[in-house]
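Have a look at the structure below, then the notes.
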Amino acid sequence: MKFEEYRKFDAIGLAELVNKGEVTASELLELAIARAEAVNPQLNGLIIPLYEMARQRAAASLSGPLAGVPMLVKDLFQEIGGQPDYRGNKARKQHDIRAEQDSTLVARWKQAGLVPFGRTNTPEFGAKGITEPDSFGPARNPWNTGHTPGGSSGGSAAMVAAGVVPLAGANDGGGSIRIPAACCGLFGLKPGRGRTPWGPTFTEAMHGIAVNHVVTRSVRDSALLLDLEQGDERGSLFHIAPPEQRYVVAGSGKPGRLRIGFSTRSPLGKEVDPEAVKAVEKTVALLRDLGHEVEEAEPQMDAKQMCMDWLTVWFGQCAAEVDEVKALTGCGDEGFELDTLAIAAFGRATPAHEYVKCQSRWQQYMIAMDAFLEQYDFWLTPTLAMPPAGIGAMATPMWQQNALKMLLKVGGEKLLMKTGMIEQMALENFKYMPFTQFANVTGVPAMSVPLHWTEAGLPLGSQFVGAHGDEGKLLSLAAQLEQAAPWFDKTPDI
């Protein structure tokens, strides 16, 4: 098999070839490695090659529905026992921190027969919607290497879009599956709260905001992986109802006539790029052609306050992460990026009662989202408010960097809060991605579907948000859209 043929198959298709004896797991792995070696110098998506480990696994007797299919794993909480676990962080990389055991998710991937052969680039602690960590340098978009592949699963998305693997590990605490999928012309489903595992050492991240899954080229790959990943684990904080039917079955069925509300207005009142509006308008037209009822509508909630409440939780999480790394490695502030230190400082300066009030407001957002989704099957929005940003375009301006350094040097966390600088930095970044956090805070599933390419040739996905437990229904609609407006064979020239 040559690369041109390899690229024509999704993971399910490759597994079928292995099962029939038409190709071996080792042959597929070598094809994937060769492709990675060819494109990674331009893309920087694969940062930790694990070739020899993978070769030993591919040579063994593998079983499972995806036996022999190569994949890549995000370097953020998707641990592989004995292998690097850097999380985009300088100190963890410098001290070569390694995972003690496979995460529950990776163990389930291995049970399915998948062959992980490397870890992918992510921003420090997954904190941004771009992938440009100081520790490894920026990941680049295979559709145009001057642009970001998104974040925080940008390395995974770049490798899948470039044809290295049919799927790669991703996780999503504010859009980190959907944003890179939208930037790279991929399908990205964020499962609902509690649907996929985090174990074995903890079972929920950021009060359930963050979830694990993959980015894929085909809808059916995403559906099958969710079947293989989902389910309770030891210590689960609650037991989520299992799907009524397998996701791969739900994804192959017809969705029926749906009622869909859509909006292209930024919930923060910021400008939305005409290309993002065009992406949704094209999707609306396609939905109507397919017989669905589509009208302009949006949930009624204080979106700006919701974004700030999301940030408050993330700031606290970041502060805890920095403290943990300092305790683990003995490093000081030199072990972290400046933006990370500023976020952590804000987290430490936030009083506990303010944190609790912020989390309590989440319930109001959940009620508002549930009320909206009682009237509509889905909410449709742009995934991003603008096309993929240029590399470096989202960096903190130098004047802000200098001010942050000064305030942090003198221990000015309280003063930092009073300046409003962190909120300003956050809202400046949120204007690029104001639509994705809704699903994280409210815990519902959502997906980005690649239905639009800009005049400059960059992908720009459309987001659908569903109700609790609607992963199967989302997959059914995605499969219908995939059939009506195929994207699998749209590939970048790299």
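Each chain of the structure tokens is named A, B, ... in the order shown, its residues numbered from 1; ligands are numbered from 1 in display order.
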Helix (DSSP H, G or I) per DSSP on the backbone: members of stretch 368-417 of chain A, as a ChimeraX atom specification: /A:368-375,398-409,413-417
Just want the 10 Å neighbourhood of stretch 57-67 of chain A, counted on only C-alpha atoms, with same-chain residues fewer than 2 positions away dropped. Output as a PDB file with N, CA and C atoms, in the first residue's frame.
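Writing the result to out.pdb gives the following:
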ATOM      1  N   ALA A  11     -10.539   5.174   9.646  1.00  0.00           N
ATOM      2  CA  ALA A  11     -10.051   4.146  10.570  1.00  0.00           C
ATOM      3  C   ALA A  11     -10.817   2.836  10.406  1.00  0.00           C
ATOM      4  N   ILE A  12     -12.140   2.931  10.249  1.00  0.00           N
ATOM      5  CA  ILE A  12     -12.941   1.724  10.080  1.00  0.00           C
ATOM      6  C   ILE A  12     -12.528   0.988   8.806  1.00  0.00           C
ATOM      7  N   GLY A  13     -12.295   1.738   7.743  1.00  0.00           N
ATOM      8  CA  GLY A  13     -11.868   1.126   6.495  1.00  0.00           C
ATOM      9  C   GLY A  13     -10.517   0.457   6.598  1.00  0.00           C
ATOM     10  N   LEU A  14      -9.574   1.093   7.293  1.00  0.00           N
ATOM     11  CA  LEU A  14      -8.251   0.494   7.481  1.00  0.00           C
ATOM     12  C   LEU A  14      -8.353  -0.778   8.317  1.00  0.00           C
ATOM     13  N   ALA A  15      -9.166  -0.749   9.350  1.00  0.00           N
ATOM     14  CA  ALA A  15      -9.338  -1.935  10.204  1.00  0.00           C
ATOM     15  C   ALA A  15      -9.908  -3.102   9.400  1.00  0.00           C
ATOM     16  N   GLU A  16     -10.813  -2.805   8.477  1.00  0.00           N
ATOM     17  CA  GLU A  16     -11.378  -3.862   7.635  1.00  0.00           C
ATOM     18  C   GLU A  16     -10.297  -4.498   6.764  1.00  0.00           C
ATOM     19  N   VAL A  18      -7.097  -4.696   7.491  1.00  0.00           N
ATOM     20  CA  VAL A  18      -6.268  -5.526   8.375  1.00  0.00           C
ATOM     21  C   VAL A  18      -6.976  -6.839   8.678  1.00  0.00           C
ATOM     22  N   ASN A  19      -8.255  -6.754   8.971  1.00  0.00           N
ATOM     23  CA  ASN A  19      -9.025  -7.956   9.315  1.00  0.00           C
ATOM     24  C   ASN A  19      -9.077  -8.947   8.148  1.00  0.00           C
ATOM     25  N   THR A  24      -1.041  -5.359   6.856  1.00  0.00           N
ATOM     26  CA  THR A  24      -0.754  -5.655   8.255  1.00  0.00           C
ATOM     27  C   THR A  24      -0.715  -4.379   9.077  1.00  0.00           C
ATOM     28  N   ALA A  25      -0.844  -4.538  10.380  1.00  0.00           N
ATOM     29  CA  ALA A  25      -0.734  -3.392  11.286  1.00  0.00           C
ATOM     30  C   ALA A  25       0.624  -2.724  11.149  1.00  0.00           C
ATOM     31  N   SER A  26       1.672  -3.532  10.974  1.00  0.00           N
ATOM     32  CA  SER A  26       3.026  -2.976  10.842  1.00  0.00           C
ATOM     33  C   SER A  26       3.158  -2.151   9.570  1.00  0.00           C
ATOM     34  N   GLU A  27       2.551  -2.605   8.492  1.00  0.00           N
ATOM     35  CA  GLU A  27       2.607  -1.845   7.240  1.00  0.00           C
ATOM     36  C   GLU A  27       1.885  -0.508   7.380  1.00  0.00           C
ATOM     37  N   LEU A  28       0.715  -0.521   8.022  1.00  0.00           N
ATOM     38  CA  LEU A  28       0.002   0.734   8.234  1.00  0.00           C
ATOM     39  C   LEU A  28       0.808   1.689   9.103  1.00  0.00           C
ATOM     40  N   LEU A  29       1.420   1.155  10.148  1.00  0.00           N
ATOM     41  CA  LEU A  29       2.214   1.996  11.037  1.00  0.00           C
ATOM     42  C   LEU A  29       3.365   2.638  10.285  1.00  0.00           C
ATOM     43  N   GLU A  30       4.070   1.880   9.453  1.00  0.00           N
ATOM     44  CA  GLU A  30       5.207   2.443   8.725  1.00  0.00           C
ATOM     45  C   GLU A  30       4.753   3.512   7.736  1.00  0.00           C
ATOM     46  N   TYR A  51       7.905   5.716  18.196  1.00  0.00           N
ATOM     47  CA  TYR A  51       7.884   4.764  17.102  1.00  0.00           C
ATOM     48  C   TYR A  51       8.205   3.336  17.537  1.00  0.00           C
ATOM     49  N   GLU A  52       9.229   3.167  18.345  1.00  0.00           N
ATOM     50  CA  GLU A  52       9.628   1.803  18.700  1.00  0.00           C
ATOM     51  C   GLU A  52       8.583   1.122  19.576  1.00  0.00           C
ATOM     52  N   MET A  53       8.006   1.870  20.488  1.00  0.00           N
ATOM     53  CA  MET A  53       6.913   1.333  21.299  1.00  0.00           C
ATOM     54  C   MET A  53       5.784   0.861  20.391  1.00  0.00           C
ATOM     55  N   ALA A  54       5.443   1.677  19.400  1.00  0.00           N
ATOM     56  CA  ALA A  54       4.356   1.344  18.494  1.00  0.00           C
ATOM     57  C   ALA A  54       4.708   0.148  17.612  1.00  0.00           C
ATOM     58  N   ARG A  55       5.947   0.066  17.173  1.00  0.00           N
ATOM     59  CA  ARG A  55       6.350  -1.057  16.321  1.00  0.00           C
ATOM     60  C   ARG A  55       6.221  -2.383  17.069  1.00  0.00           C
ATOM     61  N   VAL A  69      -4.956  -0.131  13.521  1.00  0.00           N
ATOM     62  CA  VAL A  69      -5.047   1.234  12.984  1.00  0.00           C
ATOM     63  C   VAL A  69      -4.126   2.170  13.780  1.00  0.00           C
ATOM     64  N   PRO A  70      -3.231   2.897  13.117  1.00  0.00           N
ATOM     65  CA  PRO A  70      -2.350   3.830  13.830  1.00  0.00           C
ATOM     66  C   PRO A  70      -3.097   5.085  14.262  1.00  0.00           C
ATOM     67  N   TRP A 109      -8.722   2.728  24.178  1.00  0.00           N
ATOM     68  CA  TRP A 109      -8.253   2.782  22.790  1.00  0.00           C
ATOM     69  C   TRP A 109      -7.428   1.542  22.455  1.00  0.00           C
ATOM     70  N   LYS A 110      -6.560   1.155  23.369  1.00  0.00           N
ATOM     71  CA  LYS A 110      -5.745  -0.034  23.130  1.00  0.00           C
ATOM     72  C   LYS A 110      -6.599  -1.299  23.077  1.00  0.00           C
ATOM     73  N   GLN A 111      -7.619  -1.367  23.927  1.00  0.00           N
ATOM     74  CA  GLN A 111      -8.525  -2.518  23.895  1.00  0.00           C
ATOM     75  C   GLN A 111      -9.228  -2.627  22.545  1.00  0.00           C
ATOM     76  N   ALA A 112      -9.411  -1.489  21.884  1.00  0.00           N
ATOM     77  CA  ALA A 112     -10.032  -1.475  20.559  1.00  0.00           C
ATOM     78  C   ALA A 112      -9.052  -1.893  19.472  1.00  0.00           C
ATOM     79  N   GLY A 113      -7.763  -2.056  19.831  1.00  0.00           N
ATOM     80  CA  GLY A 113      -6.760  -2.479  18.869  1.00  0.00           C
ATOM     81  C   GLY A 113      -5.969  -1.359  18.228  1.00  0.00           C
ATOM     82  N   LEU A 114      -6.212  -0.127  18.629  1.00  0.00           N
ATOM     83  CA  LEU A 114      -5.487   1.011  18.054  1.00  0.00           C
ATOM     84  C   LEU A 114      -4.006   0.979  18.437  1.00  0.00           C
ATOM     85  N   VAL A 115      -3.182   1.617  17.596  1.00  0.00           N
ATOM     86  CA  VAL A 115      -1.731   1.612  17.796  1.00  0.00           C
ATOM     87  C   VAL A 115      -1.236   3.054  17.927  1.00  0.00           C
ATOM     88  N   PRO A 116      -1.145   3.592  19.152  1.00  0.00           N
ATOM     89  CA  PRO A 116      -0.605   4.944  19.335  1.00  0.00           C
ATOM     90  C   PRO A 116       0.897   4.967  19.035  1.00  0.00           C
ATOM     91  N   PHE A 117       1.355   5.988  18.287  1.00  0.00           N
ATOM     92  CA  PHE A 117       2.789   6.056  17.985  1.00  0.00           C
ATOM     93  C   PHE A 117       3.390   7.439  18.227  1.00  0.00           C
ATOM     94  N   ASP A 221     -16.161   7.214  12.114  1.00  0.00           N
ATOM     95  CA  ASP A 221     -15.029   6.966  13.004  1.00  0.00           C
ATOM     96  C   ASP A 221     -15.279   7.577  14.379  1.00  0.00           C
ATOM     97  N   LEU A 224     -17.918   5.427  16.230  1.00  0.00           N
ATOM     98  CA  LEU A 224     -17.405   4.162  16.752  1.00  0.00           C
ATOM     99  C   LEU A 224     -16.481   4.400  17.942  1.00  0.00           C
ATOM    100  N   LEU A 225     -15.612   5.417  17.849  1.00  0.00           N
ATOM    101  CA  LEU A 225     -14.719   5.701  18.980  1.00  0.00           C
ATOM    102  C   LEU A 225     -15.508   6.051  20.229  1.00  0.00           C
ATOM    103  N   LEU A 228     -16.655   3.024  21.908  1.00  0.00           N
ATOM    104  CA  LEU A 228     -15.566   2.310  22.572  1.00  0.00           C
ATOM    105  C   LEU A 228     -15.072   3.035  23.823  1.00  0.00           C
TER     106      LEU A 228
END
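Candidate residues A:Thr283, A:Ser103, A:Gln56, A:Ser266 were compared for distance to A:Ala303, and the nearest is A:Ser266, using only C-alpha atoms.
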Proximity to A:Gly208 - best of A:Ala342, A:Leu427, A:Ala158, A:Val313, only C-alpha atoms: A:Val313
Contacts of A:Gln424 within 12 Å, only C-alpha atoms, excl. fewer than 6 positions in-chain, as number ranges by chain: A: 308, 311, 396-397, 400, 416-418, 430-431
Pull N, CA and C atoms from the residues just selected and write them as an mmCIF file, in the first residue's frame.
data_model
loop_
_atom_site.group_PDB
_atom_site.id
_atom_site.type_symbol
_atom_site.label_atom_id
_atom_site.label_comp_id
_atom_site.auth_asym_id
_atom_site.auth_seq_id
_atom_site.Cartn_x
_atom_site.Cartn_y
_atom_site.Cartn_z
ATOM 1 N N MET A 308 -17.114 34.950 31.568
ATOM 2 C CA MET A 308 -16.271 35.339 32.697
ATOM 3 C C MET A 308 -16.319 34.276 33.796
ATOM 4 N N LEU A 311 -14.112 31.561 32.769
ATOM 5 C CA LEU A 311 -12.720 31.969 32.990
ATOM 6 C C LEU A 311 -12.323 31.834 34.459
ATOM 7 N N THR A 396 0.008 37.717 23.249
ATOM 8 C CA THR A 396 -0.187 38.869 24.115
ATOM 9 C C THR A 396 0.721 40.010 23.658
ATOM 10 N N PRO A 397 0.185 41.227 23.438
ATOM 11 C CA PRO A 397 1.011 42.351 22.975
ATOM 12 C C PRO A 397 2.170 42.634 23.938
ATOM 13 N N GLN A 400 1.524 44.611 27.115
ATOM 14 C CA GLN A 400 0.855 43.856 28.167
ATOM 15 C C GLN A 400 1.824 42.887 28.833
ATOM 16 N N LEU A 416 -3.426 43.486 39.884
ATOM 17 C CA LEU A 416 -3.692 42.934 38.557
ATOM 18 C C LEU A 416 -5.191 42.763 38.348
ATOM 19 N N MET A 417 -5.888 42.321 39.390
ATOM 20 C CA MET A 417 -7.341 42.159 39.285
ATOM 21 C C MET A 417 -8.012 43.511 39.073
ATOM 22 N N LYS A 418 -7.527 44.539 39.786
ATOM 23 C CA LYS A 418 -8.156 45.852 39.707
ATOM 24 C C LYS A 418 -7.934 46.521 38.358
ATOM 25 N N PHE A 430 -11.448 35.822 23.397
ATOM 26 C CA PHE A 430 -12.804 35.292 23.242
ATOM 27 C C PHE A 430 -13.475 35.789 21.964
ATOM 28 N N LYS A 431 -13.072 36.943 21.465
ATOM 29 C CA LYS A 431 -13.726 37.452 20.259
ATOM 30 C C LYS A 431 -13.489 36.517 19.074
#
Those of stretch 135-358 of chain A in DSSP strand (DSSP E), formatted as a PyMOL selection string: chain A and resi 167-172+187-190+211-216+259-262+293-296
Keeping only C-alpha atoms, write those residues as a CSV table (one decimal), in the first residue's frame.
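What follows is the written file result.csv:
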chain,number,residue,atom,x,y,z
A,167,LEU,CA,-8.0,10.0,14.0
A,168,ALA,CA,-6.2,11.5,16.9
A,169,GLY,CA,-6.8,12.1,20.6
A,170,ALA,CA,-8.4,15.4,21.7
A,171,ASN,CA,-10.1,17.0,24.6
A,172,ASP,CA,-12.4,20.0,25.1
A,187,PHE,CA,-15.3,16.5,12.2
A,188,GLY,CA,-15.1,17.3,15.9
A,189,LEU,CA,-17.7,16.0,18.4
A,190,LYS,CA,-17.6,17.2,22.0
A,211,VAL,CA,-14.3,16.0,28.2
A,212,ASN,CA,-12.2,13.6,26.1
A,213,HIS,CA,-12.7,12.3,22.6
A,214,VAL,CA,-11.0,12.5,19.2
A,215,VAL,CA,-10.8,14.5,16.0
A,216,THR,CA,-11.6,12.5,12.8
A,259,ARG,CA,-36.2,22.1,14.1
A,260,ILE,CA,-33.0,24.1,14.4
A,261,GLY,CA,-32.4,27.6,15.8
A,262,PHE,CA,-29.4,29.5,14.4
A,293,GLU,CA,-37.0,23.7,9.7
A,294,VAL,CA,-34.4,26.4,10.4
A,295,GLU,CA,-35.1,29.8,12.0
A,296,GLU,CA,-33.0,32.5,13.7
Pairwise distance for atom CA of A:Leu50 and atom CA of A:Pro138, rounded to one decimal in Å: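 Between these atoms lies a distance of 20.2 Å.
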Polymer residues at most 8 Å from A:Leu226, only C-alpha atoms, same-chain spacing of 3 or more positions, as an NGL selection string: :A and (196 or 213 or 222-223 or 229-230 or 247)
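Distance annotation: of A:Val106, A:Ile130, A:Leu384, A:Ala393, the residue with the minimal separation from A:Val277 is A:Leu384; atom set is only C-alpha atoms.
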Polymer residues at most 12 Å from A:Ala285, only C-alpha atoms, same-chain spacing of 2 or more positions, as JSON, numbers by chain: {"A": [262, 278, 279, 280, 281, 282, 283, 287, 288, 289, 290, 291, 292, 293, 294, 295, 451, 481, 484, 485]}
Those same residues - C-alpha atoms - I'd like them written as a PDB file, in the first residue's frame.
ATOM      1  CA  PHE A 262     -29.400  29.474  14.409  1.00  0.00           C
ATOM      2  CA  LYS A 278     -21.240  32.767   5.239  1.00  0.00           C
ATOM      3  CA  ALA A 279     -20.365  29.369   6.724  1.00  0.00           C
ATOM      4  CA  VAL A 280     -23.582  29.343   8.762  1.00  0.00           C
ATOM      5  CA  GLU A 281     -25.702  30.719   5.932  1.00  0.00           C
ATOM      6  CA  LYS A 282     -24.430  27.941   3.668  1.00  0.00           C
ATOM      7  CA  THR A 283     -25.237  25.397   6.368  1.00  0.00           C
ATOM      8  CA  LEU A 287     -30.372  22.086   6.105  1.00  0.00           C
ATOM      9  CA  ARG A 288     -33.452  23.557   4.424  1.00  0.00           C
ATOM     10  CA  ASP A 289     -32.691  21.622   1.236  1.00  0.00           C
ATOM     11  CA  LEU A 290     -32.642  18.483   3.382  1.00  0.00           C
ATOM     12  CA  GLY A 291     -36.113  19.289   4.692  1.00  0.00           C
ATOM     13  CA  HIS A 292     -35.267  20.687   8.134  1.00  0.00           C
ATOM     14  CA  GLU A 293     -36.997  23.703   9.673  1.00  0.00           C
ATOM     15  CA  VAL A 294     -34.438  26.414  10.440  1.00  0.00           C
ATOM     16  CA  GLU A 295     -35.055  29.830  11.986  1.00  0.00           C
ATOM     17  CA  LEU A 451     -19.024  22.553   5.432  1.00  0.00           C
ATOM     18  CA  LEU A 481     -24.608  16.456   6.101  1.00  0.00           C
ATOM     19  CA  ALA A 484     -25.057  15.732   1.188  1.00  0.00           C
ATOM     20  CA  ALA A 485     -21.862  17.820   1.148  1.00  0.00           C
TER      21      ALA A 485
END
Which of A:Ala327, A:Val23, A:Ala479, A:Val164 sits closest to A:Gly251 [using only C-alpha atoms]: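 The closest residue to A:Gly251 is A:Ala479.
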Test item: residues at most 12 Å from A:Met398, only C-alpha atoms, excluding those fewer than 5 positions along its chain, as a PyMOL selection string: chain A and resi 338-339+403-405
